[in-house]
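Chemist: Pasting a structure below so you can have a look.
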Amino acid sequence: MPKPYSYDLRQKVIQSIELDGMKKSEAAEVYQINRHTINLWLQRKASTGDYQALPNQPPLKVIRLLTGNNLRTLSWLMGIKRNQIWLNYGREKLANAQYQEP
């Protein structure tokens, strides 16, 4: 997974847009980031009140491929407790996901 942008950069971009009145396209060009990324940060701020990076999680497809839905194996591979898997990925998401051959 790519490394997330720093919180400082996010703060500068959002402040440039909200306080200084800079357009999103201008901010994208000045800070050399994609405009879609700025939109995601603004959406996250609107929904959660902050634009902090979300923790990196491996895609569910990869997890299911590696573990075959075995939570014990999955928790061992990730180095976390089994209940954390439910908290991170959600019971519904794991239970209803369909395994597909790559």
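In the structure tokens, chains take letters A, B, ... by order of appearance, with residues numbered from 1 within each chain and ligands from 1 in the order shown.
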Could you name the residues that touch region 21-35 of chain A at 10 Å or less, counting only C-alpha atoms, but leaving out those on the same chain fewer than 4 positions away, as an mmCIF file with all heavy atoms, in the first residue's frame?

Modeler:
data_model
loop_
_atom_site.group_PDB
_atom_site.id
_atom_site.type_symbol
_atom_site.label_atom_id
_atom_site.label_comp_id
_atom_site.auth_asym_id
_atom_site.auth_seq_id
_atom_site.Cartn_x
_atom_site.Cartn_y
_atom_site.Cartn_z
ATOM 1 N N TYR A 5 -0.490 10.530 2.647
ATOM 2 C CA TYR A 5 0.036 11.891 2.745
ATOM 3 C C TYR A 5 0.067 12.314 4.211
ATOM 4 O O TYR A 5 -0.770 11.901 5.011
ATOM 5 C CB TYR A 5 -0.832 12.864 1.956
ATOM 6 C CG TYR A 5 -0.718 12.712 0.458
ATOM 7 C CD1 TYR A 5 -1.735 12.112 -0.275
ATOM 8 C CD2 TYR A 5 0.400 13.168 -0.214
ATOM 9 C CE1 TYR A 5 -1.633 11.974 -1.648
ATOM 10 C CE2 TYR A 5 0.511 13.046 -1.588
ATOM 11 C CZ TYR A 5 -0.506 12.445 -2.298
ATOM 12 O OH TYR A 5 -0.398 12.315 -3.652
ATOM 13 N N LEU A 9 0.464 18.167 5.364
ATOM 14 C CA LEU A 9 0.119 18.489 3.979
ATOM 15 C C LEU A 9 -1.397 18.586 3.822
ATOM 16 O O LEU A 9 -1.899 19.524 3.198
ATOM 17 C CB LEU A 9 0.679 17.447 3.016
ATOM 18 C CG LEU A 9 0.289 17.640 1.554
ATOM 19 C CD1 LEU A 9 0.870 18.937 1.008
ATOM 20 C CD2 LEU A 9 0.729 16.459 0.717
ATOM 21 N N ARG A 10 -2.090 17.653 4.395
ATOM 22 C CA ARG A 10 -3.557 17.680 4.330
ATOM 23 C C ARG A 10 -4.090 18.987 4.911
ATOM 24 O O ARG A 10 -4.974 19.625 4.351
ATOM 25 C CB ARG A 10 -4.151 16.503 5.105
ATOM 26 C CG ARG A 10 -3.866 15.152 4.496
ATOM 27 C CD ARG A 10 -4.163 14.045 5.489
ATOM 28 N NE ARG A 10 -3.770 12.764 4.966
ATOM 29 C CZ ARG A 10 -4.602 11.864 4.469
ATOM 30 N NH1 ARG A 10 -5.892 12.094 4.452
ATOM 31 N NH2 ARG A 10 -4.148 10.722 3.997
ATOM 32 N N LYS A 12 -2.521 21.902 5.230
ATOM 33 C CA LYS A 12 -2.190 23.030 4.362
ATOM 34 C C LYS A 12 -3.144 23.117 3.177
ATOM 35 O O LYS A 12 -3.622 24.191 2.817
ATOM 36 C CB LYS A 12 -0.755 22.903 3.841
ATOM 37 C CG LYS A 12 0.303 23.181 4.860
ATOM 38 C CD LYS A 12 1.681 22.966 4.267
ATOM 39 C CE LYS A 12 2.764 23.072 5.312
ATOM 40 N NZ LYS A 12 4.093 22.765 4.783
ATOM 41 N N VAL A 13 -3.430 21.975 2.556
ATOM 42 C CA VAL A 13 -4.306 21.950 1.385
ATOM 43 C C VAL A 13 -5.716 22.389 1.770
ATOM 44 O O VAL A 13 -6.314 23.253 1.115
ATOM 45 C CB VAL A 13 -4.319 20.542 0.745
ATOM 46 C CG1 VAL A 13 -5.365 20.454 -0.341
ATOM 47 C CG2 VAL A 13 -2.949 20.187 0.200
ATOM 48 N N ILE A 14 -6.246 21.801 2.840
ATOM 49 C CA ILE A 14 -7.620 22.124 3.257
ATOM 50 C C ILE A 14 -7.718 23.589 3.671
ATOM 51 O O ILE A 14 -8.681 24.279 3.326
ATOM 52 C CB ILE A 14 -8.072 21.189 4.401
ATOM 53 C CG1 ILE A 14 -8.035 19.725 3.957
ATOM 54 C CG2 ILE A 14 -9.456 21.571 4.908
ATOM 55 C CD1 ILE A 14 -8.950 19.367 2.829
ATOM 56 N N GLN A 15 -6.736 24.095 4.394
ATOM 57 C CA GLN A 15 -6.759 25.497 4.798
ATOM 58 C C GLN A 15 -6.661 26.426 3.591
ATOM 59 O O GLN A 15 -7.317 27.479 3.560
ATOM 60 C CB GLN A 15 -5.632 25.793 5.782
ATOM 61 C CG GLN A 15 -5.900 25.273 7.167
ATOM 62 C CD GLN A 15 -4.776 25.574 8.143
ATOM 63 O OE1 GLN A 15 -3.713 26.058 7.760
ATOM 64 N NE2 GLN A 15 -5.016 25.274 9.412
ATOM 65 N N SER A 16 -5.858 26.053 2.612
ATOM 66 C CA SER A 16 -5.754 26.866 1.396
ATOM 67 C C SER A 16 -7.099 26.979 0.700
ATOM 68 O O SER A 16 -7.451 28.035 0.166
ATOM 69 C CB SER A 16 -4.738 26.258 0.430
ATOM 70 O OG SER A 16 -3.458 26.264 0.977
ATOM 71 N N ILE A 17 -7.842 25.909 0.709
ATOM 72 C CA ILE A 17 -9.146 25.900 0.040
ATOM 73 C C ILE A 17 -10.194 26.621 0.876
ATOM 74 O O ILE A 17 -10.915 27.493 0.376
ATOM 75 C CB ILE A 17 -9.582 24.453 -0.268
ATOM 76 C CG1 ILE A 17 -8.640 23.841 -1.306
ATOM 77 C CG2 ILE A 17 -11.030 24.395 -0.739
ATOM 78 C CD1 ILE A 17 -8.798 22.352 -1.484
ATOM 79 N N ASN A 39 -10.830 15.981 -2.956
ATOM 80 C CA ASN A 39 -12.259 15.729 -2.754
ATOM 81 C C ASN A 39 -12.491 14.693 -1.664
ATOM 82 O O ASN A 39 -13.400 14.835 -0.834
ATOM 83 C CB ASN A 39 -12.920 15.270 -4.053
ATOM 84 C CG ASN A 39 -13.054 16.396 -5.054
ATOM 85 O OD1 ASN A 39 -13.097 17.567 -4.685
ATOM 86 N ND2 ASN A 39 -13.113 16.044 -6.325
ATOM 87 N N LEU A 40 -11.676 13.635 -1.651
ATOM 88 C CA LEU A 40 -11.806 12.604 -0.613
ATOM 89 C C LEU A 40 -11.536 13.183 0.773
ATOM 90 O O LEU A 40 -12.246 12.874 1.730
ATOM 91 C CB LEU A 40 -10.853 11.441 -0.893
ATOM 92 C CG LEU A 40 -11.181 10.569 -2.089
ATOM 93 C CD1 LEU A 40 -10.072 9.537 -2.303
ATOM 94 C CD2 LEU A 40 -12.515 9.876 -1.912
ATOM 95 N N TRP A 41 -10.511 14.022 0.876
ATOM 96 C CA TRP A 41 -10.203 14.638 2.167
ATOM 97 C C TRP A 41 -11.343 15.530 2.643
ATOM 98 O O TRP A 41 -11.695 15.521 3.821
ATOM 99 C CB TRP A 41 -8.923 15.446 2.082
ATOM 100 C CG TRP A 41 -7.683 14.636 1.839
ATOM 101 C CD1 TRP A 41 -7.554 13.274 1.921
ATOM 102 C CD2 TRP A 41 -6.415 15.133 1.474
ATOM 103 N NE1 TRP A 41 -6.269 12.907 1.626
ATOM 104 C CE2 TRP A 41 -5.529 14.026 1.345
ATOM 105 C CE3 TRP A 41 -5.905 16.397 1.234
ATOM 106 C CZ2 TRP A 41 -4.195 14.162 1.004
ATOM 107 C CZ3 TRP A 41 -4.567 16.534 0.886
ATOM 108 C CH2 TRP A 41 -3.719 15.421 0.781
#

Chemist: In Å, rounded to a single decimal, give me how far CA of Ile80 (chain A) is from CA of Ser47 (chain A).

Modeler: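 A separation of 27.8 Å between them.
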
Chemist: Between A:Gly79, A:Glu18, A:Gln84, A:Thr73, which has the minimum distance to Leu42 (chain A) (counting only C-alpha atoms)?

Modeler: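 Counting only C-alpha atoms, the residue closest to Leu42 (chain A) is A:Glu18.
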
Chemist: Just how far from CA of Ala53 (chain A) is CA of Trp76 (chain A), in Å to one decimal?

Modeler: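 Between CA of Trp76 (chain A) and CA of Ala53 (chain A) the gap works out to 25.2 Å.
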
Chemist: Expressed in Å to a single decimal, how great is the separation between CA of Leu54 (chain A) and CA of Ser6 (chain A)?

Modeler: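 CA of Ser6 (chain A) lies at a distance of 11.6 Å from CA of Leu54 (chain A).
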